[in-house]
Each structure stands twice: as structure tokens, then as C-alpha cells.
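Following: one structure in C-alpha cells, then a few remarks.
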Amino acid sequence: MTAPEVPAPPRGPGVAPPFAAPPTDRNRKALWIGLGIGGLALVLCCVGGLFGFGLIVVSGADRVKTQAHQVVDDYLVDLQRQDYDKAYDLLCARLTARTSPEEYAAQQRDQPRPVSHTVGQTQIGSVIVVPAAVHYDNGSNRDLQFQLSQDTGTGELKVCAVTG
């Protein structure tokens, strides 16, 4: 048995072939405008991303500077108030591993007590350094450099060295 033959569509107006050819756009102006707008959007996204990343880096550095300044100020205030337990809590693990809180308090009692201080600008490099001008109860003045590091457990900055 043979398959029945399908008749061809009649010729004339209103008759469409089964698949029409897609229209062609001879004007490529719209294509170039679309590509230009897409490229501009891509450039703006990249610039915005770089700006946002830079903003995060700068705000992070500012936050570290603020925290470092506050840690040094708190440490000196604690020494001024003779609150040696709080001052000891602001020391890094390297220092607290060598000295107990009682030994630290005894060492501090033997030193001149700070009566006032001025904390300078934090310097961030391979080490965080905070300068401070300290005035003591015996009338002496010292310019100190506090080196800070981040506690790996809490993420807080701690005093690791005092020079000057």
C-alpha cells in the first residue's frame, strides 16, 4: 500500500508557503546602537565593582585605624586608673604567656603611673604602630610606640610591644 499523495497548496493571493523566510534588517544601525549600549553597561558595571572594592578596602583600613587608636587609649586609661586586670586583657597572647596577671600588676605598680596621654595617628604597614605621648606622675614625659596585632581567636587588636 502506498501513502496517499498530499496535494500542493493552491496558487494565488493569501496563500503562504509552510515556512516563511525571516525578514532581513538591511539597516545595521540598531545592532550597533544595541552593542554600544551593552558595552557601556558592561564598562559601568566593571567601574562600579572596582569602586565598591576600593571603598571596602578603605573603610576596612579606617576601621582598623580607629580600633587601634581605641585599644591604645583604653590601655593607657586602664594604667592611669590602675586597673591592671583590664590593661592585661588588652595584651596579646605572646606577652600574656610570659607573665601572669599578678606579675603584670606588680610590674606596673613599680613603674611611674600615667596621668595623661595623647594618642597619635595609627600607621598601618607590616605592623600596626600607634604612637602616644605619655605624661607620668613623676613629671616625666615619654613618646611611646605601641605595636599591635590581631588576636586570631577574637579578631580584636591587642598590644604586643611598647617601645620608646
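Chain labels follow the order of the C-alpha cells: the first chain is A, the next B, and so on; residue numbering restarts at 1 in every chain, and ligands are counted from 1 in their shown order.
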
Per residue of segment 38-110 of chain A within 8 Å of segment 146-154 of chain A, which atom pair is closest and at what distance in Å (one decimal), using only C-alpha atoms, listed by chain and increasing number, as JSON lines?
```
{"residue": "A:Ala68", "atom": "CA", "partner": "A:Leu148", "partner_atom": "CA", "distance": 7.3}
{"residue": "A:Val72", "atom": "CA", "partner": "A:Phe146", "partner_atom": "CA", "distance": 7.2}
{"residue": "A:Cys92", "atom": "CA", "partner": "A:Asp151", "partner_atom": "CA", "distance": 6.9}
{"residue": "A:Ala93", "atom": "CA", "partner": "A:Asp151", "partner_atom": "CA", "distance": 7.7}
```

Selection from above, C-alpha atoms, as an mmCIF file, in the first residue's frame, can you write it?
```
data_model
loop_
_atom_site.group_PDB
_atom_site.id
_atom_site.type_symbol
_atom_site.label_atom_id
_atom_site.label_comp_id
_atom_site.auth_asym_id
_atom_site.auth_seq_id
_atom_site.Cartn_x
_atom_site.Cartn_y
_atom_site.Cartn_z
ATOM 1 C CA ALA A 68 43.948 50.522 67.075
ATOM 2 C CA VAL A 72 45.940 52.124 72.914
ATOM 3 C CA CYS A 92 48.499 39.853 73.061
ATOM 4 C CA ALA A 93 48.919 36.156 73.806
#
```

Using DSSP on the backbone, list every residue of chain A that comes out as strand (DSSP E), and give them as JSON, numbers by chain.
{"A": [114, 115, 116, 117, 118, 119, 123, 124, 128, 129, 130, 131, 132, 133, 134, 135, 136, 141, 142, 143, 144, 145, 146, 147, 148, 149, 150, 157, 158, 159, 160, 161, 162, 163]}

Taking N, CA and C atoms for each residue, export the selection above as a short mmCIF file (atom, residue, chain, number, x, y, z; two decimals), in the first residue's frame.
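Heads up, here's the output in result39.cif:
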```cif
data_model
loop_
_atom_site.label_atom_id
_atom_site.label_comp_id
_atom_site.auth_asym_id
_atom_site.auth_seq_id
_atom_site.Cartn_x
_atom_site.Cartn_y
_atom_site.Cartn_z
N PRO A 114 50.90 56.62 84.46
CA PRO A 114 50.50 57.66 83.51
C PRO A 114 49.39 58.53 84.10
N VAL A 115 49.49 59.85 83.90
CA VAL A 115 48.43 60.75 84.38
C VAL A 115 47.67 61.36 83.21
N SER A 116 48.32 61.43 82.05
CA SER A 116 47.62 61.90 80.84
C SER A 116 48.38 61.38 79.63
N HIS A 117 47.69 61.41 78.50
CA HIS A 117 48.33 60.91 77.28
C HIS A 117 47.62 61.48 76.06
N THR A 118 48.34 61.47 74.96
CA THR A 118 47.79 61.86 73.66
C THR A 118 48.16 60.77 72.67
N VAL A 119 47.15 60.18 72.07
CA VAL A 119 47.39 59.10 71.10
C VAL A 119 47.48 59.71 69.71
N GLN A 123 49.61 53.98 62.20
CA GLN A 123 50.35 53.70 60.97
C GLN A 123 50.21 52.21 60.68
N ILE A 124 49.67 51.92 59.49
CA ILE A 124 49.46 50.52 59.12
C ILE A 124 50.49 50.16 58.06
N ILE A 128 51.08 47.12 62.82
CA ILE A 128 50.25 48.27 63.18
C ILE A 128 50.94 48.98 64.33
N VAL A 129 51.28 50.25 64.12
CA VAL A 129 52.00 51.03 65.13
C VAL A 129 51.17 52.27 65.47
N VAL A 130 51.03 52.49 66.79
CA VAL A 130 50.29 53.66 67.26
C VAL A 130 51.20 54.44 68.20
N PRO A 131 51.55 55.68 67.85
CA PRO A 131 52.37 56.49 68.74
C PRO A 131 51.52 57.16 69.81
N ALA A 132 52.13 57.40 70.96
CA ALA A 132 51.42 58.09 72.04
C ALA A 132 52.43 58.88 72.87
N ALA A 133 52.05 60.09 73.24
CA ALA A 133 52.84 60.91 74.16
C ALA A 133 52.23 60.73 75.54
N VAL A 134 53.03 60.23 76.50
CA VAL A 134 52.52 59.88 77.82
C VAL A 134 53.21 60.74 78.88
N HIS A 135 52.42 61.30 79.78
CA HIS A 135 52.91 62.11 80.90
C HIS A 135 52.68 61.31 82.19
N TYR A 136 53.74 61.21 83.01
CA TYR A 136 53.69 60.36 84.20
C TYR A 136 53.58 61.18 85.48
N ASN A 141 57.99 62.67 80.81
CA ASN A 141 57.20 62.50 79.58
C ASN A 141 57.94 61.52 78.69
N ARG A 142 57.17 60.68 77.99
CA ARG A 142 57.78 59.73 77.06
C ARG A 142 56.92 59.62 75.81
N ASP A 143 57.60 59.51 74.68
CA ASP A 143 56.92 59.22 73.42
C ASP A 143 57.06 57.72 73.19
N LEU A 144 55.95 57.02 73.21
CA LEU A 144 55.95 55.57 73.08
C LEU A 144 55.38 55.15 71.73
N GLN A 145 55.80 53.98 71.29
CA GLN A 145 55.27 53.36 70.07
C GLN A 145 54.64 52.03 70.50
N PHE A 146 53.35 51.89 70.28
CA PHE A 146 52.64 50.65 70.60
C PHE A 146 52.50 49.83 69.33
N GLN A 147 52.97 48.60 69.37
CA GLN A 147 52.79 47.69 68.25
C GLN A 147 51.63 46.76 68.57
N LEU A 148 50.70 46.68 67.64
CA LEU A 148 49.51 45.87 67.86
C LEU A 148 49.44 44.73 66.85
N SER A 149 48.77 43.68 67.25
CA SER A 149 48.49 42.57 66.32
C SER A 149 47.08 42.09 66.59
N GLN A 150 46.56 41.36 65.62
CA GLN A 150 45.19 40.89 65.72
C GLN A 150 45.17 39.54 66.42
N LEU A 157 42.24 43.70 68.14
CA LEU A 157 43.64 44.13 68.19
C LEU A 157 44.11 44.11 69.63
N LYS A 158 45.36 43.69 69.81
CA LYS A 158 45.96 43.61 71.14
C LYS A 158 47.34 44.25 71.11
N VAL A 159 47.78 44.78 72.25
CA VAL A 159 49.10 45.39 72.39
C VAL A 159 50.14 44.27 72.50
N CYS A 160 51.13 44.29 71.60
CA CYS A 160 52.18 43.25 71.61
C CYS A 160 53.55 43.78 72.01
N ALA A 161 53.75 45.07 71.87
CA ALA A 161 55.05 45.64 72.25
C ALA A 161 54.89 47.13 72.49
N VAL A 162 55.66 47.62 73.44
CA VAL A 162 55.69 49.06 73.72
C VAL A 162 57.16 49.45 73.72
N THR A 163 57.52 50.36 72.81
CA THR A 163 58.91 50.83 72.74
C THR A 163 58.95 52.34 72.89
#
```

Identify which of the residues A:Val64, A:Trp32, A:Tyr75, A:Phe53 lies closest to Leu91 of chain A, counting only C-alpha atoms when measuring atom-to-atom distances.
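For Leu91 of chain A, the nearest of the candidates is A:Tyr75.
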
Residues of chain A in alpha helix (DSSP H), written as a PyMOL selection string
chain A and resi 29-80+84-89+93-96+101-109

What's the 12 Å shell around Ala106 of chain A, counting only C-alpha atoms, without same-chain residues fewer than 6 positions away, as a PDB file with N, CA and C atoms, in the first residue's frame?
```
ATOM      1  N   GLN A  82      44.886  52.440  87.295  1.00  0.00           N
ATOM      2  CA  GLN A  82      45.479  51.307  87.989  1.00  0.00           C
ATOM      3  C   GLN A  82      44.562  50.079  87.934  1.00  0.00           C
ATOM      4  N   ASP A  83      43.866  49.945  86.829  1.00  0.00           N
ATOM      5  CA  ASP A  83      43.027  48.777  86.583  1.00  0.00           C
ATOM      6  C   ASP A  83      43.861  47.808  85.745  1.00  0.00           C
ATOM      7  N   TYR A  84      44.775  47.121  86.424  1.00  0.00           N
ATOM      8  CA  TYR A  84      45.762  46.305  85.724  1.00  0.00           C
ATOM      9  C   TYR A  84      45.155  45.051  85.095  1.00  0.00           C
ATOM     10  N   ASP A  85      44.042  44.560  85.624  1.00  0.00           N
ATOM     11  CA  ASP A  85      43.392  43.399  85.003  1.00  0.00           C
ATOM     12  C   ASP A  85      42.867  43.751  83.610  1.00  0.00           C
ATOM     13  N   TYR A  88      45.812  44.200  81.290  1.00  0.00           N
ATOM     14  CA  TYR A  88      46.366  42.880  80.968  1.00  0.00           C
ATOM     15  C   TYR A  88      45.539  42.203  79.876  1.00  0.00           C
ATOM     16  N   THR A  99      53.819  36.234  81.312  1.00  0.00           N
ATOM     17  CA  THR A  99      53.548  36.936  82.569  1.00  0.00           C
ATOM     18  C   THR A  99      52.130  36.646  83.026  1.00  0.00           C
ATOM     19  N   SER A 100      51.972  36.351  84.295  1.00  0.00           N
ATOM     20  CA  SER A 100      50.634  36.158  84.856  1.00  0.00           C
ATOM     21  C   SER A 100      50.026  37.534  85.149  1.00  0.00           C
TER      22      SER A 100
END
```

Can you tell me how far atom CA of Val77 of chain A sits from atom CA of Gln111 of chain A, in Å to one decimal?
15.0 Å

Any idea what the distance is between atom CA of Thr122 of chain A and atom CA of Gly164 of chain A?
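Distance reported for this atom pair: 15.9 Å.
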